[in-house]
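K.L.:
The structure that follows is given in the form of structure tokens.
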Amino acid sequence: MRSLDSSTGITFLPGCCNGLEDWREWCTVVDGSGPVSFGHDPDPVAELLGDTVRLAVDVEQSDSPVIELSARELRDLLDGVERDLADFLALAADWARRHLPNHAVSVTAALARVLALPTPAVPSRR
């Protein structure tokens with residue numbers, strides 16, 4: 001999940017080892033389960049410090065740019081991500097129902113698994 005601090009221009013970009021399917025890892029940061037690494041070269045890390053989430057662009061650099069936001073702000077952002085992904089999944093399920101009627105259930109279930117979301121009901125074709 002790319003994060004931009006518009007007041008400083010600092011951008012936090014998860015690296016090669018972190019894709020959209022890993023979006024729930026951000027929840028472990030807010031839950032206080034410990035710092036989470038989001039790839040390498042650079043080495044972006046997110047951690048909870050009290051009520052503040054600190055996003056270090058490259059934890060290997062002592063002077064790494066950082067973005068700080070409240071845990072509440074990050075939780076609100078994650079709620080928005082979940083809504084957006086659920087909306088996408090619903091649209092994809094509808095598309096699969098119309099264009100792949102014999103495979104709609106399995107395609108929708110596979111997408112739900114990858115996105116770490118509950119599988120939506122696929123309405124029968126009318």
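Chain labels run A, B, ... following the order of the structure tokens; each chain numbers its residues from 1, and ligands are numbered from 1 in the order shown.
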Hey, what's within 10 Å of Cys16 in chain A if we count only C-alpha atoms and toss same-chain stuff fewer than 3 positions away? As an mmCIF file with all heavy atoms, in the first residue's frame, please?

P.N.:
data_model
loop_
_atom_site.group_PDB
_atom_site.id
_atom_site.type_symbol
_atom_site.label_atom_id
_atom_site.label_comp_id
_atom_site.auth_asym_id
_atom_site.auth_seq_id
_atom_site.Cartn_x
_atom_site.Cartn_y
_atom_site.Cartn_z
ATOM 1 N N LEU A 13 6.906 3.230 -0.146
ATOM 2 C CA LEU A 13 6.552 2.244 -1.155
ATOM 3 C C LEU A 13 6.936 0.849 -0.701
ATOM 4 O O LEU A 13 8.130 0.568 -0.554
ATOM 5 C CB LEU A 13 7.284 2.533 -2.465
ATOM 6 C CG LEU A 13 6.776 3.677 -3.290
ATOM 7 C CD1 LEU A 13 7.768 4.018 -4.401
ATOM 8 C CD2 LEU A 13 5.435 3.347 -3.881
ATOM 9 N N GLY A 19 2.706 -7.493 -2.063
ATOM 10 C CA GLY A 19 1.722 -7.173 -3.091
ATOM 11 C C GLY A 19 0.373 -6.858 -2.487
ATOM 12 O O GLY A 19 0.185 -6.881 -1.262
ATOM 13 N N PHE A 38 8.208 -4.572 4.619
ATOM 14 C CA PHE A 38 7.473 -4.579 3.360
ATOM 15 C C PHE A 38 8.400 -4.678 2.159
ATOM 16 O O PHE A 38 8.251 -3.968 1.186
ATOM 17 C CB PHE A 38 6.592 -3.329 3.269
ATOM 18 C CG PHE A 38 5.449 -3.355 4.238
ATOM 19 C CD1 PHE A 38 5.510 -2.644 5.420
ATOM 20 C CD2 PHE A 38 4.324 -4.105 3.977
ATOM 21 C CE1 PHE A 38 4.456 -2.673 6.320
ATOM 22 C CE2 PHE A 38 3.269 -4.147 4.867
ATOM 23 C CZ PHE A 38 3.333 -3.427 6.045
ATOM 24 N N GLY A 39 9.376 -5.561 2.215
ATOM 25 C CA GLY A 39 10.263 -5.776 1.082
ATOM 26 C C GLY A 39 11.693 -5.405 1.397
ATOM 27 O O GLY A 39 12.072 -5.240 2.546
ATOM 28 N N HIS A 40 12.476 -5.259 0.334
ATOM 29 C CA HIS A 40 13.880 -4.912 0.501
ATOM 30 C C HIS A 40 14.371 -4.106 -0.699
ATOM 31 O O HIS A 40 13.774 -4.111 -1.760
ATOM 32 C CB HIS A 40 14.723 -6.166 0.695
ATOM 33 C CG HIS A 40 14.614 -7.163 -0.411
ATOM 34 N ND1 HIS A 40 13.465 -7.855 -0.668
ATOM 35 C CD2 HIS A 40 15.507 -7.581 -1.328
ATOM 36 C CE1 HIS A 40 13.649 -8.665 -1.700
ATOM 37 N NE2 HIS A 40 14.880 -8.516 -2.123
ATOM 38 N N ASP A 41 15.465 -3.417 -0.441
ATOM 39 C CA ASP A 41 16.125 -2.552 -1.436
ATOM 40 C C ASP A 41 15.207 -1.493 -2.015
ATOM 41 O O ASP A 41 14.917 -1.523 -3.198
ATOM 42 C CB ASP A 41 16.761 -3.386 -2.545
ATOM 43 C CG ASP A 41 17.902 -4.241 -2.031
ATOM 44 O OD1 ASP A 41 18.576 -3.804 -1.086
ATOM 45 O OD2 ASP A 41 18.114 -5.321 -2.579
ATOM 46 N N PRO A 42 14.744 -0.534 -1.262
ATOM 47 C CA PRO A 42 15.053 -0.257 0.136
ATOM 48 C C PRO A 42 14.293 -1.206 1.069
ATOM 49 O O PRO A 42 13.545 -2.062 0.604
ATOM 50 C CB PRO A 42 14.588 1.190 0.328
ATOM 51 C CG PRO A 42 13.472 1.349 -0.650
ATOM 52 C CD PRO A 42 13.830 0.459 -1.824
#

K.L.:
When DSSP works through the backbone of this structure, what residues of chain A end up as helix (DSSP H, G or I), shown as an MDAnalysis selection string?

P.N.:
chainID A and resid 20:22 25:30 71:99 104:115

K.L.:
Could you turn the residues from that selection into a file that holds C-alpha atoms, as an mmCIF file, in the first residue's frame?

P.N.:
data_model
loop_
_atom_site.group_PDB
_atom_site.id
_atom_site.type_symbol
_atom_site.label_atom_id
_atom_site.label_comp_id
_atom_site.auth_asym_id
_atom_site.auth_seq_id
_atom_site.Cartn_x
_atom_site.Cartn_y
_atom_site.Cartn_z
ATOM 1 C CA LEU A 20 -1.920 -6.270 -2.914
ATOM 2 C CA GLU A 21 -2.667 -9.731 -1.556
ATOM 3 C CA ASP A 22 -0.642 -8.812 1.547
ATOM 4 C CA GLU A 25 -0.290 -7.250 7.064
ATOM 5 C CA TRP A 26 -0.969 -3.572 7.670
ATOM 6 C CA CYS A 27 -3.565 -4.640 10.248
ATOM 7 C CA THR A 28 -0.853 -6.361 12.294
ATOM 8 C CA VAL A 29 0.918 -3.007 12.564
ATOM 9 C CA VAL A 30 -2.184 -1.314 13.977
ATOM 10 C CA ALA A 71 -3.029 4.345 14.542
ATOM 11 C CA ARG A 72 -6.644 5.550 14.195
ATOM 12 C CA GLU A 73 -5.832 7.190 10.840
ATOM 13 C CA LEU A 74 -4.239 3.993 9.563
ATOM 14 C CA ARG A 75 -7.185 1.910 10.791
ATOM 15 C CA ASP A 76 -9.566 4.262 8.917
ATOM 16 C CA LEU A 77 -7.431 3.960 5.770
ATOM 17 C CA LEU A 78 -7.440 0.160 6.068
ATOM 18 C CA ASP A 79 -11.224 0.161 6.467
ATOM 19 C CA GLY A 80 -11.385 2.116 3.198
ATOM 20 C CA VAL A 81 -9.039 -0.354 1.495
ATOM 21 C CA GLU A 82 -11.224 -3.244 2.628
ATOM 22 C CA ARG A 83 -14.377 -1.525 1.305
ATOM 23 C CA ASP A 84 -12.693 -0.790 -2.030
ATOM 24 C CA LEU A 85 -11.463 -4.378 -2.387
ATOM 25 C CA ALA A 86 -14.891 -5.769 -1.440
ATOM 26 C CA ASP A 87 -16.506 -3.495 -4.045
ATOM 27 C CA PHE A 88 -13.980 -4.686 -6.645
ATOM 28 C CA LEU A 89 -14.655 -8.308 -5.721
ATOM 29 C CA ALA A 90 -18.407 -7.785 -6.096
ATOM 30 C CA LEU A 91 -17.876 -6.268 -9.553
ATOM 31 C CA ALA A 92 -15.538 -9.098 -10.541
ATOM 32 C CA ALA A 93 -18.080 -11.662 -9.316
ATOM 33 C CA ASP A 94 -20.787 -10.028 -11.409
ATOM 34 C CA TRP A 95 -18.467 -9.959 -14.443
ATOM 35 C CA ALA A 96 -17.608 -13.634 -13.957
ATOM 36 C CA ARG A 97 -21.290 -14.516 -13.641
ATOM 37 C CA ARG A 98 -22.030 -12.809 -16.967
ATOM 38 C CA HIS A 99 -18.937 -13.860 -18.940
ATOM 39 C CA ALA A 104 -18.062 -17.871 -11.828
ATOM 40 C CA VAL A 105 -18.103 -19.553 -8.429
ATOM 41 C CA SER A 106 -14.522 -20.830 -8.625
ATOM 42 C CA VAL A 107 -13.153 -17.576 -10.103
ATOM 43 C CA THR A 108 -14.895 -15.517 -7.429
ATOM 44 C CA ALA A 109 -13.689 -17.821 -4.653
ATOM 45 C CA ALA A 110 -10.105 -17.651 -5.958
ATOM 46 C CA LEU A 111 -10.183 -13.848 -6.057
ATOM 47 C CA ALA A 112 -11.638 -13.739 -2.553
ATOM 48 C CA ARG A 113 -8.833 -15.981 -1.272
ATOM 49 C CA VAL A 114 -6.129 -13.841 -2.896
ATOM 50 C CA LEU A 115 -7.670 -10.645 -1.513
#

K.L.:
Contacts of Arg54 in chain A at 10 Å or less, counting only C-alpha atoms, minus same-chain residues fewer than 4 places along, as a JSON list (two decimals) with C-alpha atoms, in the first residue's frame?

P.N.:
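Listing of part-v9.json after writing:
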[["chain", "number", "residue", "atom", "x", "y", "z"],
["A", 29, "VAL", "CA", 0.92, -3.01, 12.56],
["A", 35, "PRO", "CA", 7.00, -4.14, 13.16],
["A", 45, "VAL", "CA", 9.20, -1.00, 7.71],
["A", 46, "ALA", "CA", 6.04, 0.01, 9.56],
["A", 47, "GLU", "CA", 5.79, -0.11, 13.33],
["A", 48, "LEU", "CA", 3.45, 1.03, 16.07],
["A", 49, "LEU", "CA", 5.00, 3.31, 18.69],
["A", 66, "VAL", "CA", 9.66, 8.61, 7.80],
["A", 67, "ILE", "CA", 5.94, 9.19, 7.72],
["A", 68, "GLU", "CA", 4.05, 9.26, 11.00],
["A", 69, "LEU", "CA", 0.32, 8.95, 11.39],
["A", 70, "SER", "CA", -2.00, 7.96, 14.18],
["A", 71, "ALA", "CA", -3.03, 4.34, 14.54]]

K.L.:
Mind listing the strand (DSSP E or B) residues of range 47-101 of chain A, per DSSP on the backbone, as a list in words?

P.N.:
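Restricting range 47-101 of chain A to strand (DSSP E or B) produces Glu47, Leu48, Leu49, Thr52, Val53, Arg54, Leu55, Ala56, Val66, Ile67, Glu68, Leu69 and Ser70 of chain A.
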
K.L.:
Could you tell me how far CA of Ser7 in chain A lies from CA of Asp43 in chain A, in Å and to one decimal?

P.N.:
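Taking CA of Ser7 in chain A and CA of Asp43 in chain A, their separation equals 22.5 Å.
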
K.L.:
Take CA of Gly9 in chain A and CA of Ser37 in chain A and report the distance between them in Å, one decimal.

P.N.:
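It comes out at 21.4 Å.
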
K.L.:
Counting only C-alpha atoms, which residue out of A:Pro65, A:Gly34, A:Pro120, A:Gly50 sits closest to Ile10 in chain A?

P.N.:
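Using only C-alpha atoms, Ile10 in chain A sits closest to A:Pro65.
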